[in-house]
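Chemist: Encoded as structure tokens, here's the structure I'll be asking about.
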Amino acid sequence: MTKTYRIAAIPADGIGIEVIAAGIEVLNALAGKTGTFRFRFDHFDWGSDYYKTHGAMMPADGREQIRHHDAIFFGAVGAPDVPDHISLWGLRLAICQPFDQYANVRPTRILPGITSPLRHVSGPELDWVIVRENSEGEYAGVGGRVHQGHPEEVATDVSMMTRTGVTRIIRYAFKLAQSRPRKLLTVVTKSNAQRHAMVMWDEIAAEVAQDFPDVTWDKMLVDAMTMRMVIKPETLDTIVATNLHADILSDLAAALAGSLGIAPTANINPERKFPSMFEPIHGSAFDIAGKGIANPIATFWTACQMLEHLGEAPAADRLMRAVERVTADPSLHTPDLGGRATTRQVTDAVIAAIQGDNE
């Protein structure tokens, strides 16, 4: 019997609309090639345009509308004429946090045909997975402003870390490291300056490590980590960091791998009490929106993560092989990779590669 997966598609803003459309095409082509499953995509027009009409980024019952889907396929959020904190907290974080998608997983490696800006670095030297705590920390939303507009105005954003939240993300990262060939984990910290929450983070990492004697782990201050990623990328494999630290480090990682246009993201609820959400890392990129030149590779790689989460690992492998065949051809590189290919050309090439894959 053919299995049907219900996917909530939320293209949202900017190039998100273009790349999610491309991703749906590719996923449907993959399902047709595989023959063992299919997708039912339910489309939701939430985002900045919705906000301009309704005064909210999504309906009040939006989460309930998507709560029982098998996964969420998300584009990008943000528009030049909507304040960023409204768009982010009104849509993406309004889904991630209530759905307890506390593990943000961002794989990074140099794909075939793509050149890293790092000197003397090829694929094997840069193959990482960054695990980002995705529910609290610096993005807990705790804080406020008083005396606005006056000289004595005060604004606070408080980083909140709980033992439960830290323990579960550290444990998730150790398990992920344990599943990878190198069994190597780096815990990113800033406990020299942040002497309370980050010291607790370090202590919990040491406690959890005792349950994973086969995983080699070390600890690195976040500022030193930026240098290590550039100078000694081969010393890294699995990385775990706080919400803010991993947000910044993963953008650096994507740039080192060649482009933000190829970087995927999965927002995972490991206990599967809620649907997980899958999105490319690149953002809405309004400077190129509507030009047909957005790189859809990040979305296709994100789709691989979604397939793995759904239990369709062979299909994920087939899609990733197709992606790598396409990136290996410089004539199919979009402008972010120094080429001239269009979103349409890359999408068609990946579909053709899927159709031609008989493995």
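By order of appearance in the structure tokens: chains A, B, ..., then residues from 1 within every chain, and ligands from 1 in the order shown.
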Report as JSON, numbers by chain all protein, DNA and RNA residues lying within 10 Å of Lys291 (chain A), evaluated on only C-alpha atoms, omitting residues in the same chain fewer than 2 positions from it.
Modeler: {"A": [15, 18, 286, 287, 288, 289, 293, 294, 342, 343]}
Chemist: Mind writing the picked residues with C-alpha atoms as a compact mmCIF listing (two decimals), in the first residue's frame?
Modeler:
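Saved result, selection_39.txt, follows:
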# COMPACT_ATOMS: atom_id res chain seq x y z
CA ILE A 15 12.40 33.55 -2.22
CA GLU A 18 10.10 30.12 -5.12
CA PHE A 286 14.21 40.07 -1.06
CA ASP A 287 17.08 41.46 -3.13
CA ILE A 288 16.72 38.52 -5.53
CA ALA A 289 13.08 37.57 -4.97
CA ILE A 293 17.75 32.90 -9.59
CA ALA A 294 17.33 31.67 -6.00
CA THR A 342 18.22 29.72 -12.77
CA THR A 343 16.03 28.14 -10.12
Chemist: List as a tab-separated table every residue of region 94-209 of chain A that is in contact with region 318-328 of chain A, defined as an atom at most 10 Å from one of its atoms (using only C-alpha atoms), together with the nearest atom pair and the distance in Å rounded to one decimal, sorted by chain and then rising number.
Modeler:
residue	atom	partner	partner_atom	distance
A:Leu111	CA	A:Glu324	CA	6.3
A:Pro112	CA	A:Ala328	CA	4.7
A:Gly113	CA	A:Ala328	CA	3.9
A:Ile114	CA	A:Thr327	CA	6.8
Chemist: Considering only C-alpha atoms, state which residue in the set A:Asp100, A:Val129, A:Met198, A:Met160 is at the smallest distance from Gly143 (chain A).
Modeler: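 Answer, going by the shortest atom-to-atom distance: A:Met160.
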Chemist: As an exercise, work out the distance from CA of Met306 (chain A) to CA of Ala8 (chain A) in Å and give it to one decimal place.
Modeler: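 Taking CA of Met306 (chain A) and CA of Ala8 (chain A), their separation equals 12.0 Å.
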Chemist: Taking 3 positions as the minimum chain separation for residues in the same chain, which residues sit within 7 Å of region 131-141 of chain A when counting only C-alpha atoms? Answer as a ChimeraX atom specification.
Modeler: /A:97,100-106,158-161,169,173,239-244,246
Chemist: Enumerate the residues of region 126-340 of chain A with a DSSP assignment of alpha helix (DSSP H), computed from the backbone, and present them as a PyMOL selection string.
Modeler: chain A and resi 163-179+197-209+222-231+243-256+297-309+313-327
Chemist: Taking 6 positions as the minimum chain separation for residues in the same chain, which residues sit within 10 Å of Tyr51 (chain A) when counting only C-alpha atoms? Answer as a PyMOL selection string.
Modeler: chain A and resi 57-59+82+86-87+90-91
Chemist: Quick one: pull the distance between CA of Val215 (chain A) and CA of Glu125 (chain A), Å, one decimal.
Modeler: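 It comes out at 19.4 Å.
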Chemist: Closest to Lys3 (chain A) among A:Gly35, A:Gly165, A:Gly338, A:Pro296, using only C-alpha atoms?
Modeler: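 Smallest distance to Lys3 (chain A) is found for A:Gly35.
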Chemist: Nearest residue to Thr265 (chain A) out of A:Arg195, A:Arg344, A:Arg6, A:His282, using only C-alpha atoms?
Modeler: A:His282
Chemist: If you count only C-alpha atoms, which residues fall within 12 Å of Lys33 (chain A), apart from same-chain ones fewer than 4 positions away, as an MDAnalysis selection string?
Modeler: chainID A and resid 26:29 37:38 314:315 318:319 351:359
Chemist: Nearest to Glu207 (chain A) among A:Ile170, A:Ala79, A:Leu176, A:Ala313, with distances taken over only C-alpha atoms: which residue is it?
Modeler: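 Checking each of A:Ile170, A:Ala79, A:Leu176, A:Ala313 against Glu207 (chain A), counting only C-alpha atoms, the winner is A:Ile170.
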Chemist: Please, which residues of region 209-344 of chain A, numbered as in this document, come out strand (DSSP E) from DSSP, as a list in words?
Modeler: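 The strand (DSSP E) residues within region 209-344 of chain A come out as Thr216, Trp217, Asp218, Lys219, Met220, Leu221, Thr238, Ile239, Val240, Ala241, Pro264, Thr265, Ala266, Asn267, Ile268, Met277, Phe278, Glu279 and Pro280 of chain A.
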Chemist: Just write the chosen residues, C-alpha atoms, as a CSV table (one decimal), in the first residue's frame.
Modeler:
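Okay, again-v6.csv is ready:
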chain,number,residue,atom,x,y,z
A,216,THR,CA,35.2,11.9,22.2
A,217,TRP,CA,34.3,15.4,23.2
A,218,ASP,CA,35.9,18.7,23.9
A,219,LYS,CA,34.8,22.2,25.0
A,220,MET,CA,35.4,25.4,23.0
A,221,LEU,CA,34.7,29.1,23.8
A,238,THR,CA,29.3,17.3,15.5
A,239,ILE,CA,28.9,20.7,17.3
A,240,VAL,CA,26.3,21.7,19.9
A,241,ALA,CA,25.7,25.3,21.0
A,264,PRO,CA,19.5,23.1,5.2
A,265,THR,CA,17.8,23.1,8.5
A,266,ALA,CA,15.6,20.8,10.5
A,267,ASN,CA,13.6,21.9,13.5
A,268,ILE,CA,13.0,18.6,15.3
A,277,MET,CA,9.6,21.8,10.6
A,278,PHE,CA,12.1,21.8,7.8
A,279,GLU,CA,13.5,25.0,6.2
A,280,PRO,CA,16.4,26.3,4.2
